[in-house]
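*Asks:* The following block contains the structure, expressed as structure tokens.
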Amino acid sequence: MSSPSLTLESPTPAAARKRRLLEILGALAIAGTYIYLVLNQPADITGGPGSASALIALSGFLAGAILLIVAVLPTLPVSTLVLIPVALVLNIVLGQFVGSTLVPFYLDAIGTVLIAVLAGPAAGAATGALSSIVWSFFNPTVLPFAAGAALIGCLAGLAARYGLFRRFYLAPVAGFLTGIIGGVVSAPIAAFVFGGTSGLATGAIVSAFRSMGDTLLAAITKQALISDPMDKAIVFTLVAILVYALPRRTRLQFPFVTRHRVLAGHGTGRPARETAGAPTDQAA
């Protein structure tokens, strides 16, 4: 049974509408910045945060991330707020390391997916965008991919909300499908803004497709459809292992997990105020 201090009160209709509006505005800011980068194909964005295009991208993605955070912040327990910086570090460290190897994966979304599963789509999207923004100060080439990172977080949260983590074997399936969508979204950025990919192994795959006569966009899209689904399947599986390994008391500190019965077994369940007199096998 969850502690009353860990159960958040239901927001008023007006507050819920305000949060929804902020989430929509945040998503539009991130999507609009993505479209700007694809249409304008700014070559100076790799020059670091001081270039004009980088400042526009940074402002747009940061504004979107802030709006998402403001929208979701009142719903997050302290346990999630403390975990977000850890998730950012996890994304950056693993992404930077794996990207410098000959492995055709990224593993730069583990922290994002972890927050999404524990706190929901908006928190996942905000974490993904913030991760790319912070990482861009060390590696400017990742900034344009903030929209894709936010999308991964959102899709992971939706997968958790609709029960794809209640069965362990469904987690990699959800990750595989998420990777297909994420790969299609990220391919135009890699092609039009950078003219390729920054990873050693992924760059080699693109070069192989190019040597067979594919256009740059076609080669990068094919590479993304090879690397991204497998990468996200691995990430979702690792996150499922991490979340299921958490003690029951820790799981109950996350209202999203209990409200939507994200996980199977006795480690999750609705808050006590919702479960009184209700069958436990009903979805929230």
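Scheme for the structure tokens: letters A, B, ... for chains in order shown; per-chain residue numbers from 1; ligand numbers from 1 in order shown.
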For stretch 58-62 of chain A, list every protein, DNA or RNA residue within 6 Å, evaluated using only C-alpha atoms, and leave out those in the same chain fewer than 3 positions away; present the list as a list in words.

*Replies:*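 Contacts, in chain order: Ala29, Ile30, Thr33, Ala54, Leu55 and Ala65 of chain A.
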
*Asks:* List as a VMD selection string the protein and nucleic acid residues near A:Leu88, meaning an atom at most 10 Å away when only C-alpha atoms are counted, but skip any in the same chain fewer than 2 places from it.

*Replies:* chain A and resid 83 to 86 90 to 93 108 to 112 115 127 to 135

*Asks:* With N, CA, C and O atoms kept, could you save the residues just selected as a PDB file, in the first residue's frame?

*Replies:*
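Output below, filename part14.pdb:
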```pdb
ATOM      1  N   LEU A  83      16.178  11.890  -9.960  1.00  0.00           N
ATOM      2  CA  LEU A  83      16.660  10.924 -10.940  1.00  0.00           C
ATOM      3  C   LEU A  83      16.974  11.562 -12.299  1.00  0.00           C
ATOM      4  O   LEU A  83      17.798  11.028 -13.048  1.00  0.00           O
ATOM      5  N   ILE A  84      16.346  12.680 -12.627  1.00  0.00           N
ATOM      6  CA  ILE A  84      16.538  13.294 -13.943  1.00  0.00           C
ATOM      7  C   ILE A  84      18.000  13.662 -14.205  1.00  0.00           C
ATOM      8  O   ILE A  84      18.530  13.336 -15.287  1.00  0.00           O
ATOM      9  N   PRO A  85      18.720  14.335 -13.278  1.00  0.00           N
ATOM     10  CA  PRO A  85      20.141  14.611 -13.550  1.00  0.00           C
ATOM     11  C   PRO A  85      20.959  13.341 -13.761  1.00  0.00           C
ATOM     12  O   PRO A  85      21.878  13.314 -14.584  1.00  0.00           O
ATOM     13  N   VAL A  86      20.641  12.289 -13.018  1.00  0.00           N
ATOM     14  CA  VAL A  86      21.329  11.011 -13.196  1.00  0.00           C
ATOM     15  C   VAL A  86      21.069  10.464 -14.600  1.00  0.00           C
ATOM     16  O   VAL A  86      21.971   9.943 -15.265  1.00  0.00           O
ATOM     17  N   LEU A  90      23.778   9.630 -17.540  1.00  0.00           N
ATOM     18  CA  LEU A  90      23.791   8.288 -18.120  1.00  0.00           C
ATOM     19  C   LEU A  90      23.717   8.352 -19.646  1.00  0.00           C
ATOM     20  O   LEU A  90      24.464   7.666 -20.348  1.00  0.00           O
ATOM     21  N   ASN A  91      22.811   9.176 -20.158  1.00  0.00           N
ATOM     22  CA  ASN A  91      22.690   9.331 -21.609  1.00  0.00           C
ATOM     23  C   ASN A  91      23.990   9.819 -22.241  1.00  0.00           C
ATOM     24  O   ASN A  91      24.466   9.276 -23.241  1.00  0.00           O
ATOM     25  N   ILE A  92      24.551  10.865 -21.659  1.00  0.00           N
ATOM     26  CA  ILE A  92      25.718  11.515 -22.251  1.00  0.00           C
ATOM     27  C   ILE A  92      26.946  10.619 -22.199  1.00  0.00           C
ATOM     28  O   ILE A  92      27.666  10.456 -23.190  1.00  0.00           O
ATOM     29  N   VAL A  93      27.189  10.013 -21.041  1.00  0.00           N
ATOM     30  CA  VAL A  93      28.389   9.188 -20.879  1.00  0.00           C
ATOM     31  C   VAL A  93      28.325   7.962 -21.792  1.00  0.00           C
ATOM     32  O   VAL A  93      29.279   7.657 -22.526  1.00  0.00           O
ATOM     33  N   ASP A 108      22.242   5.881 -26.059  1.00  0.00           N
ATOM     34  CA  ASP A 108      22.233   7.213 -25.466  1.00  0.00           C
ATOM     35  C   ASP A 108      20.836   7.625 -24.989  1.00  0.00           C
ATOM     36  O   ASP A 108      20.593   8.811 -24.736  1.00  0.00           O
ATOM     37  N   ALA A 109      19.923   6.654 -24.882  1.00  0.00           N
ATOM     38  CA  ALA A 109      18.560   6.980 -24.465  1.00  0.00           C
ATOM     39  C   ALA A 109      18.112   6.185 -23.251  1.00  0.00           C
ATOM     40  O   ALA A 109      16.933   6.211 -22.902  1.00  0.00           O
ATOM     41  N   ILE A 110      19.042   5.500 -22.582  1.00  0.00           N
ATOM     42  CA  ILE A 110      18.650   4.694 -21.424  1.00  0.00           C
ATOM     43  C   ILE A 110      18.049   5.568 -20.325  1.00  0.00           C
ATOM     44  O   ILE A 110      17.010   5.249 -19.743  1.00  0.00           O
ATOM     45  N   GLY A 111      18.697   6.677 -20.029  1.00  0.00           N
ATOM     46  CA  GLY A 111      18.174   7.582 -19.006  1.00  0.00           C
ATOM     47  C   GLY A 111      16.831   8.168 -19.392  1.00  0.00           C
ATOM     48  O   GLY A 111      15.922   8.290 -18.559  1.00  0.00           O
ATOM     49  N   THR A 112      16.681   8.536 -20.661  1.00  0.00           N
ATOM     50  CA  THR A 112      15.414   9.090 -21.146  1.00  0.00           C
ATOM     51  C   THR A 112      14.281   8.092 -21.002  1.00  0.00           C
ATOM     52  O   THR A 112      13.193   8.420 -20.502  1.00  0.00           O
ATOM     53  N   ILE A 115      13.239   7.506 -17.281  1.00  0.00           N
ATOM     54  CA  ILE A 115      12.358   8.554 -16.761  1.00  0.00           C
ATOM     55  C   ILE A 115      10.969   8.417 -17.363  1.00  0.00           C
ATOM     56  O   ILE A 115       9.957   8.587 -16.675  1.00  0.00           O
ATOM     57  N   THR A 127      13.176  15.091 -20.698  1.00  0.00           N
ATOM     58  CA  THR A 127      14.496  14.529 -20.388  1.00  0.00           C
ATOM     59  C   THR A 127      15.302  14.307 -21.665  1.00  0.00           C
ATOM     60  O   THR A 127      16.501  14.601 -21.719  1.00  0.00           O
ATOM     61  N   GLY A 128      14.656  13.796 -22.713  1.00  0.00           N
ATOM     62  CA  GLY A 128      15.353  13.576 -23.973  1.00  0.00           C
ATOM     63  C   GLY A 128      15.879  14.869 -24.570  1.00  0.00           C
ATOM     64  O   GLY A 128      17.036  14.950 -24.999  1.00  0.00           O
ATOM     65  N   ALA A 129      15.030  15.898 -24.599  1.00  0.00           N
ATOM     66  CA  ALA A 129      15.455  17.182 -25.157  1.00  0.00           C
ATOM     67  C   ALA A 129      16.564  17.811 -24.315  1.00  0.00           C
ATOM     68  O   ALA A 129      17.566  18.310 -24.843  1.00  0.00           O
ATOM     69  N   LEU A 130      16.397  17.782 -22.999  1.00  0.00           N
ATOM     70  CA  LEU A 130      17.421  18.351 -22.105  1.00  0.00           C
ATOM     71  C   LEU A 130      18.750  17.628 -22.250  1.00  0.00           C
ATOM     72  O   LEU A 130      19.822  18.249 -22.196  1.00  0.00           O
ATOM     73  N   SER A 131      18.678  16.322 -22.427  1.00  0.00           N
ATOM     74  CA  SER A 131      19.898  15.541 -22.576  1.00  0.00           C
ATOM     75  C   SER A 131      20.699  16.013 -23.789  1.00  0.00           C
ATOM     76  O   SER A 131      21.917  16.221 -23.709  1.00  0.00           O
ATOM     77  N   SER A 132      20.028  16.218 -24.915  1.00  0.00           N
ATOM     78  CA  SER A 132      20.712  16.684 -26.117  1.00  0.00           C
ATOM     79  C   SER A 132      21.252  18.096 -25.945  1.00  0.00           C
ATOM     80  O   SER A 132      22.334  18.427 -26.445  1.00  0.00           O
ATOM     81  N   ILE A 133      20.491  18.938 -25.246  1.00  0.00           N
ATOM     82  CA  ILE A 133      20.927  20.318 -25.027  1.00  0.00           C
ATOM     83  C   ILE A 133      22.199  20.361 -24.183  1.00  0.00           C
ATOM     84  O   ILE A 133      23.172  21.034 -24.528  1.00  0.00           O
ATOM     85  N   VAL A 134      22.197  19.637 -23.075  1.00  0.00           N
ATOM     86  CA  VAL A 134      23.378  19.620 -22.200  1.00  0.00           C
ATOM     87  C   VAL A 134      24.560  18.987 -22.921  1.00  0.00           C
ATOM     88  O   VAL A 134      25.696  19.485 -22.867  1.00  0.00           O
ATOM     89  N   TRP A 135      24.307  17.900 -23.623  1.00  0.00           N
ATOM     90  CA  TRP A 135      25.359  17.187 -24.343  1.00  0.00           C
ATOM     91  C   TRP A 135      25.971  18.067 -25.431  1.00  0.00           C
ATOM     92  O   TRP A 135      27.163  17.964 -25.744  1.00  0.00           O
TER      93      TRP A 135
END
```

*Asks:* Which residue out of A:Ala149, A:Leu216, A:Ala171, A:Ile66 has the minimum interatomic distance to A:Leu107 when only C-alpha atoms are used?

*Replies:* A:Ala149

*Asks:* Just want the 12 Å neighbourhood of A:Tyr244, counted on only C-alpha atoms, with same-chain residues fewer than 6 positions away dropped. Output as a PyMOL selection string.

*Replies:* chain A and resi 114+117-118+165-168+171+237-238+250-251+257+262-268

*Asks:* Those same residues - all heavy atoms - I'd like them written as a compact mmCIF listing (two decimals), in the first residue's frame.

*Replies:*
```txt
# COMPACT_ATOMS: atom_id res chain seq x y z
N LEU A 114 14.16 5.48 -19.07
CA LEU A 114 13.94 5.19 -17.65
C LEU A 114 12.99 6.22 -17.03
O LEU A 114 12.04 5.86 -16.33
CB LEU A 114 15.28 5.19 -16.91
CG LEU A 114 15.23 4.94 -15.40
CD1 LEU A 114 14.66 3.57 -15.10
CD2 LEU A 114 16.61 5.09 -14.78
N VAL A 117 9.39 5.74 -18.41
CA VAL A 117 8.66 4.60 -17.83
C VAL A 117 8.20 4.93 -16.41
O VAL A 117 7.11 4.53 -16.00
CB VAL A 117 9.55 3.34 -17.84
CG1 VAL A 117 8.90 2.22 -17.05
CG2 VAL A 117 9.81 2.90 -19.27
N LEU A 118 9.01 5.65 -15.67
CA LEU A 118 8.67 5.95 -14.28
C LEU A 118 7.77 7.17 -14.11
O LEU A 118 7.05 7.28 -13.12
CB LEU A 118 9.95 6.17 -13.46
CG LEU A 118 10.88 4.96 -13.31
CD1 LEU A 118 12.14 5.35 -12.56
CD2 LEU A 118 10.16 3.82 -12.59
N PHE A 165 5.07 -2.59 -20.86
CA PHE A 165 6.10 -3.03 -19.92
C PHE A 165 5.52 -3.99 -18.88
O PHE A 165 6.23 -4.43 -18.00
CB PHE A 165 6.74 -1.83 -19.21
CG PHE A 165 7.77 -1.12 -20.05
CD1 PHE A 165 7.40 -0.18 -20.99
CD2 PHE A 165 9.12 -1.40 -19.90
CE1 PHE A 165 8.34 0.47 -21.77
CE2 PHE A 165 10.08 -0.76 -20.68
CZ PHE A 165 9.67 0.17 -21.62
N ARG A 166 4.24 -4.31 -18.98
CA ARG A 166 3.65 -5.28 -18.05
C ARG A 166 4.08 -6.70 -18.39
O ARG A 166 4.06 -7.58 -17.52
CB ARG A 166 2.12 -5.18 -18.09
CG ARG A 166 1.57 -3.90 -17.50
CD ARG A 166 0.06 -3.87 -17.58
NE ARG A 166 -0.42 -2.50 -17.50
CZ ARG A 166 -1.58 -2.10 -17.99
NH1 ARG A 166 -2.35 -2.96 -18.62
NH2 ARG A 166 -1.95 -0.84 -17.87
N ARG A 167 4.40 -6.93 -19.64
CA ARG A 167 4.95 -8.21 -20.06
C ARG A 167 6.37 -7.95 -20.53
O ARG A 167 6.59 -7.16 -21.46
CB ARG A 167 4.12 -8.82 -21.21
CG ARG A 167 2.69 -9.11 -20.84
CD ARG A 167 2.60 -10.26 -19.85
NE ARG A 167 1.22 -10.59 -19.53
CZ ARG A 167 0.55 -10.06 -18.52
NH1 ARG A 167 1.13 -9.15 -17.75
NH2 ARG A 167 -0.70 -10.42 -18.28
N PHE A 168 7.33 -8.61 -19.91
CA PHE A 168 8.73 -8.30 -20.17
C PHE A 168 9.09 -8.45 -21.64
O PHE A 168 9.83 -7.64 -22.20
CB PHE A 168 9.63 -9.20 -19.32
CG PHE A 168 11.08 -8.85 -19.39
CD1 PHE A 168 11.60 -7.83 -18.63
CD2 PHE A 168 11.93 -9.54 -20.26
CE1 PHE A 168 12.95 -7.49 -18.70
CE2 PHE A 168 13.26 -9.21 -20.35
CZ PHE A 168 13.78 -8.19 -19.57
N ALA A 171 8.60 -5.36 -24.01
CA ALA A 171 9.46 -4.17 -23.93
C ALA A 171 10.37 -4.04 -25.15
O ALA A 171 10.43 -2.97 -25.76
CB ALA A 171 10.27 -4.19 -22.63
N THR A 237 14.82 -3.00 -23.22
CA THR A 237 15.02 -4.22 -22.44
C THR A 237 15.84 -3.93 -21.19
O THR A 237 15.50 -4.39 -20.09
CB THR A 237 15.74 -5.29 -23.29
OG1 THR A 237 14.94 -5.58 -24.45
CG2 THR A 237 15.95 -6.56 -22.49
N LEU A 238 16.91 -3.15 -21.32
CA LEU A 238 17.74 -2.80 -20.17
C LEU A 238 16.95 -2.00 -19.14
O LEU A 238 17.06 -2.22 -17.93
CB LEU A 238 18.96 -2.01 -20.62
CG LEU A 238 20.01 -2.78 -21.44
CD1 LEU A 238 21.11 -1.84 -21.93
CD2 LEU A 238 20.62 -3.91 -20.61
N THR A 250 10.18 1.33 -3.63
CA THR A 250 10.71 2.34 -4.55
C THR A 250 9.77 2.56 -5.71
O THR A 250 9.52 3.69 -6.14
CB THR A 250 12.10 1.91 -5.06
OG1 THR A 250 12.97 1.72 -3.95
CG2 THR A 250 12.68 2.97 -5.98
N ARG A 251 9.21 1.48 -6.24
CA ARG A 251 8.26 1.62 -7.35
C ARG A 251 7.07 2.48 -6.97
O ARG A 251 6.59 3.29 -7.76
CB ARG A 251 7.75 0.24 -7.78
CG ARG A 251 8.78 -0.70 -8.36
CD ARG A 251 8.11 -2.01 -8.70
NE ARG A 251 9.05 -3.02 -9.15
CZ ARG A 251 8.69 -4.25 -9.48
NH1 ARG A 251 7.42 -4.62 -9.38
NH2 ARG A 251 9.60 -5.12 -9.89
N VAL A 257 3.64 5.16 -12.33
CA VAL A 257 3.73 3.70 -12.33
C VAL A 257 2.51 3.09 -11.67
O VAL A 257 1.94 2.11 -12.17
CB VAL A 257 5.02 3.25 -11.61
CG1 VAL A 257 5.04 1.73 -11.44
CG2 VAL A 257 6.25 3.68 -12.41
N VAL A 262 1.97 0.36 -14.71
CA VAL A 262 2.99 0.23 -15.74
C VAL A 262 3.63 -1.15 -15.73
O VAL A 262 3.92 -1.72 -16.77
CB VAL A 262 4.06 1.33 -15.58
CG1 VAL A 262 5.26 1.07 -16.48
CG2 VAL A 262 3.45 2.70 -15.89
N LEU A 263 3.85 -1.68 -14.52
CA LEU A 263 4.55 -2.96 -14.38
C LEU A 263 3.61 -4.03 -13.87
O LEU A 263 2.61 -3.75 -13.21
CB LEU A 263 5.74 -2.80 -13.43
CG LEU A 263 6.74 -1.71 -13.79
CD1 LEU A 263 7.81 -1.61 -12.72
CD2 LEU A 263 7.37 -1.99 -15.15
N ALA A 264 3.96 -5.27 -14.13
CA ALA A 264 3.16 -6.40 -13.68
C ALA A 264 3.56 -6.79 -12.26
O ALA A 264 4.61 -6.39 -11.76
CB ALA A 264 3.34 -7.59 -14.62
N GLY A 265 2.75 -7.60 -11.62
CA GLY A 265 3.11 -8.14 -10.32
C GLY A 265 2.70 -7.25 -9.16
O GLY A 265 2.05 -6.22 -9.32
N HIS A 266 3.16 -7.63 -7.98
CA HIS A 266 2.78 -6.92 -6.77
C HIS A 266 3.59 -5.66 -6.57
O HIS A 266 3.34 -4.92 -5.63
CB HIS A 266 2.93 -7.83 -5.55
CG HIS A 266 2.03 -9.03 -5.58
ND1 HIS A 266 0.67 -8.93 -5.44
CD2 HIS A 266 2.31 -10.33 -5.78
CE1 HIS A 266 0.14 -10.15 -5.52
NE2 HIS A 266 1.11 -11.02 -5.73
N GLY A 267 4.55 -5.39 -7.44
CA GLY A 267 5.36 -4.18 -7.29
C GLY A 267 4.63 -2.93 -7.71
O GLY A 267 5.07 -1.84 -7.46
N THR A 268 3.48 -3.10 -8.38
CA THR A 268 2.72 -1.93 -8.81
C THR A 268 1.28 -2.11 -8.43
O THR A 268 0.80 -3.16 -8.07
CB THR A 268 2.80 -1.74 -10.34
OG1 THR A 268 2.28 -2.90 -10.96
CG2 THR A 268 4.22 -1.51 -10.78
```

*Asks:* As a PDB file with N, CA, C and O atoms, in the first residue's frame, please: the residues near A:Gly99 (cut-off 9 Å, only C-alpha atoms, same-chain neighbours under 2 positions excluded).

*Replies:*
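After the write, around_19.pdb holds the following:
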```
ATOM      1  N   LEU A  94      27.189   7.258 -21.766  1.00  0.00           N
ATOM      2  CA  LEU A  94      27.067   6.066 -22.614  1.00  0.00           C
ATOM      3  C   LEU A  94      27.063   6.440 -24.093  1.00  0.00           C
ATOM      4  O   LEU A  94      27.695   5.775 -24.919  1.00  0.00           O
ATOM      5  N   GLY A  95      26.354   7.504 -24.443  1.00  0.00           N
ATOM      6  CA  GLY A  95      26.289   7.913 -25.836  1.00  0.00           C
ATOM      7  C   GLY A  95      27.640   8.327 -26.387  1.00  0.00           C
ATOM      8  O   GLY A  95      28.006   7.971 -27.509  1.00  0.00           O
ATOM      9  N   GLN A  96      28.390   9.065 -25.597  1.00  0.00           N
ATOM     10  CA  GLN A  96      29.706   9.517 -26.041  1.00  0.00           C
ATOM     11  C   GLN A  96      30.655   8.332 -26.198  1.00  0.00           C
ATOM     12  O   GLN A  96      31.420   8.262 -27.160  1.00  0.00           O
ATOM     13  N   PHE A  97      30.588   7.397 -25.268  1.00  0.00           N
ATOM     14  CA  PHE A  97      31.493   6.245 -25.311  1.00  0.00           C
ATOM     15  C   PHE A  97      31.138   5.310 -26.467  1.00  0.00           C
ATOM     16  O   PHE A  97      32.008   4.944 -27.273  1.00  0.00           O
ATOM     17  N   THR A 101      32.974   3.968 -30.668  1.00  0.00           N
ATOM     18  CA  THR A 101      33.392   2.581 -30.904  1.00  0.00           C
ATOM     19  C   THR A 101      32.904   2.117 -32.273  1.00  0.00           C
ATOM     20  O   THR A 101      32.257   2.855 -33.016  1.00  0.00           O
ATOM     21  N   LEU A 102      33.191   0.878 -32.589  1.00  0.00           N
ATOM     22  CA  LEU A 102      32.743   0.289 -33.855  1.00  0.00           C
ATOM     23  C   LEU A 102      31.421  -0.445 -33.716  1.00  0.00           C
ATOM     24  O   LEU A 102      31.047  -1.226 -34.587  1.00  0.00           O
ATOM     25  N   VAL A 103      30.702  -0.194 -32.639  1.00  0.00           N
ATOM     26  CA  VAL A 103      29.391  -0.804 -32.421  1.00  0.00           C
ATOM     27  C   VAL A 103      28.331   0.058 -33.112  1.00  0.00           C
ATOM     28  O   VAL A 103      28.277   1.268 -32.871  1.00  0.00           O
ATOM     29  N   PRO A 104      27.478  -0.511 -33.966  1.00  0.00           N
ATOM     30  CA  PRO A 104      26.499   0.295 -34.711  1.00  0.00           C
ATOM     31  C   PRO A 104      25.259   0.654 -33.904  1.00  0.00           C
ATOM     32  O   PRO A 104      24.139   0.661 -34.421  1.00  0.00           O
ATOM     33  N   PHE A 105      25.439   0.929 -32.625  1.00  0.00           N
ATOM     34  CA  PHE A 105      24.340   1.334 -31.759  1.00  0.00           C
ATOM     35  C   PHE A 105      24.711   2.641 -31.067  1.00  0.00           C
ATOM     36  O   PHE A 105      25.793   3.184 -31.270  1.00  0.00           O
ATOM     37  N   TYR A 106      23.798   3.137 -30.228  1.00  0.00           N
ATOM     38  CA  TYR A 106      24.007   4.421 -29.572  1.00  0.00           C
ATOM     39  C   TYR A 106      23.960   4.297 -28.043  1.00  0.00           C
ATOM     40  O   TYR A 106      24.838   4.795 -27.348  1.00  0.00           O
ATOM     41  N   LEU A 107      22.897   3.653 -27.545  1.00  0.00           N
ATOM     42  CA  LEU A 107      22.676   3.482 -26.092  1.00  0.00           C
ATOM     43  C   LEU A 107      22.684   4.823 -25.364  1.00  0.00           C
ATOM     44  O   LEU A 107      23.056   4.899 -24.194  1.00  0.00           O
ATOM     45  N   ASP A 108      22.242   5.881 -26.059  1.00  0.00           N
ATOM     46  CA  ASP A 108      22.233   7.213 -25.466  1.00  0.00           C
ATOM     47  C   ASP A 108      20.836   7.625 -24.989  1.00  0.00           C
ATOM     48  O   ASP A 108      20.593   8.811 -24.736  1.00  0.00           O
ATOM     49  N   SER A 198      27.762  10.814 -37.415  1.00  0.00           N
ATOM     50  CA  SER A 198      29.005  11.056 -36.677  1.00  0.00           C
ATOM     51  C   SER A 198      29.603   9.793 -36.077  1.00  0.00           C
ATOM     52  O   SER A 198      30.760   9.782 -35.693  1.00  0.00           O
ATOM     53  N   GLY A 199      28.818   8.713 -35.975  1.00  0.00           N
ATOM     54  CA  GLY A 199      29.335   7.480 -35.389  1.00  0.00           C
ATOM     55  C   GLY A 199      30.254   6.741 -36.341  1.00  0.00           C
ATOM     56  O   GLY A 199      30.076   6.773 -37.564  1.00  0.00           O
ATOM     57  N   LEU A 200      31.240   6.057 -35.804  1.00  0.00           N
ATOM     58  CA  LEU A 200      32.178   5.322 -36.651  1.00  0.00           C
ATOM     59  C   LEU A 200      31.493   4.182 -37.381  1.00  0.00           C
ATOM     60  O   LEU A 200      31.584   4.060 -38.609  1.00  0.00           O
ATOM     61  N   ALA A 201      30.802   3.325 -36.634  1.00  0.00           N
ATOM     62  CA  ALA A 201      30.162   2.167 -37.255  1.00  0.00           C
ATOM     63  C   ALA A 201      28.984   2.573 -38.129  1.00  0.00           C
ATOM     64  O   ALA A 201      28.813   2.060 -39.239  1.00  0.00           O
ATOM     65  N   THR A 202      28.157   3.513 -37.664  1.00  0.00           N
ATOM     66  CA  THR A 202      27.009   3.942 -38.465  1.00  0.00           C
ATOM     67  C   THR A 202      27.468   4.653 -39.732  1.00  0.00           C
ATOM     68  O   THR A 202      26.859   4.511 -40.794  1.00  0.00           O
TER      69      THR A 202
END
```

*Asks:* Would you list the contacts of A:Gly183 as a PyMOL selection string, taking every protein, DNA or RNA residue within 8 Å and counting only C-alpha atoms, but skipping same-chain residues closer than 4 positions in sequence?

*Replies:* chain A and resi 179+187+221+224-225+228-229

*Asks:* Quick one: residues within 6 Å of A:Ala71, only C-alpha atoms counted, chain neighbours fewer than 4 positions away excluded, as a ChimeraX atom specification?

*Replies:* /A:19,22-23

*Asks:* Would you save the residues from that selection as a short mmCIF file (atom, residue, chain, number, x, y, z; two decimals), in the first residue's frame, using all heavy atoms?

*Replies:*
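Saved the output as again.cif:
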```cif
data_model
loop_
_atom_site.label_atom_id
_atom_site.label_comp_id
_atom_site.auth_asym_id
_atom_site.auth_seq_id
_atom_site.Cartn_x
_atom_site.Cartn_y
_atom_site.Cartn_z
N ARG A 19 -1.84 22.52 -17.90
CA ARG A 19 -0.70 21.63 -18.11
C ARG A 19 -0.73 21.04 -19.51
O ARG A 19 0.31 20.92 -20.16
CB ARG A 19 -0.72 20.51 -17.06
CG ARG A 19 -0.43 20.99 -15.65
CD ARG A 19 -0.53 19.84 -14.67
NE ARG A 19 -0.48 20.31 -13.29
CZ ARG A 19 -0.71 19.56 -12.23
NH1 ARG A 19 -1.01 18.27 -12.40
NH2 ARG A 19 -0.65 20.06 -11.02
N LEU A 22 0.50 23.63 -21.95
CA LEU A 22 1.94 23.79 -21.90
C LEU A 22 2.65 22.62 -22.58
O LEU A 22 3.66 22.80 -23.26
CB LEU A 22 2.41 23.91 -20.44
CG LEU A 22 2.02 25.20 -19.71
CD1 LEU A 22 2.42 25.12 -18.24
CD2 LEU A 22 2.69 26.41 -20.37
N GLU A 23 2.12 21.41 -22.41
CA GLU A 23 2.70 20.24 -23.08
C GLU A 23 2.61 20.40 -24.60
O GLU A 23 3.57 20.11 -25.32
CB GLU A 23 1.98 18.97 -22.63
CG GLU A 23 2.28 18.56 -21.20
CD GLU A 23 1.51 17.31 -20.80
OE1 GLU A 23 0.84 16.72 -21.69
OE2 GLU A 23 1.56 16.92 -19.62
#
```

*Asks:* With only C-alpha atoms as the counted atoms, please give the residues lying no more than 8 Å from A:Pro77, apart from itself and same-chain residues fewer than 3 positions off, as a PyMOL selection string.

*Replies:* chain A and resi 6+80-81+253-255

*Asks:* Limited to C-alpha atoms, could you put the picked residues into a file as a PDB file, in the first residue's frame?

*Replies:*
```pdb
ATOM      1  CA  LEU A   6       3.486   9.765  -2.094  1.00  0.00           C
ATOM      2  CA  THR A  80      11.847  11.549 -10.144  1.00  0.00           C
ATOM      3  CA  LEU A  81      13.307  15.040  -9.848  1.00  0.00           C
ATOM      4  CA  GLN A 253       7.183   6.373  -5.106  1.00  0.00           C
ATOM      5  CA  PHE A 254       6.309   7.005  -8.746  1.00  0.00           C
ATOM      6  CA  PRO A 255       2.621   7.966  -9.177  1.00  0.00           C
TER       7      PRO A 255
END
```

*Asks:* Give the alpha helix (DSSP H) residues of stretch 60-166 of chain A, as DSSP finds them on the backbone, and put them as a PyMOL selection string.

*Replies:* chain A and resi 60-72+78-99+110-119+121-136+146-161

*Asks:* Of the residues A:Val38, A:Leu158, A:Ala119, A:Leu76, which is the one nearest to A:Phe194, using only C-alpha atoms?

*Replies:*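 Ranked by minimum distance to A:Phe194, first place goes to A:Val38.
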
*Asks:* Give the answer as one residue: which of A:Ile152, A:Gly175, A:Ile69, A:Val184 has the shortest atom-to-atom distance to A:Asp231, using only C-alpha atoms?

*Replies:*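 Checking each candidate against A:Asp231, we get A:Gly175 as the closest.
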
*Asks:* Identify which of the residues A:Lys232, A:Arg261, A:Arg20, A:Arg249 lies closest to A:Gly182, counting only C-alpha atoms when measuring atom-to-atom distances.

*Replies:*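 Smallest distance to A:Gly182 is found for A:Lys232.
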
*Asks:* Please indicate the distance in Å from atom CA of A:Val235 to atom CA of A:Val113, rounded to one decimal place.

*Replies:*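 That distance, rounded to one decimal, is 7.7 Å.
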
*Asks:* Between atom CA of A:Asp214 and atom CA of A:Ser227, measure the distance and give it in Å to one decimal.

*Replies:*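 Computing it gives 17.3 Å between the two atoms.
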
*Asks:* Calculate how many Å separate atom CA of A:Phe145 from atom CA of A:Ile189, rounding to one decimal.

*Replies:*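 Between these atoms lies a distance of 7.1 Å.
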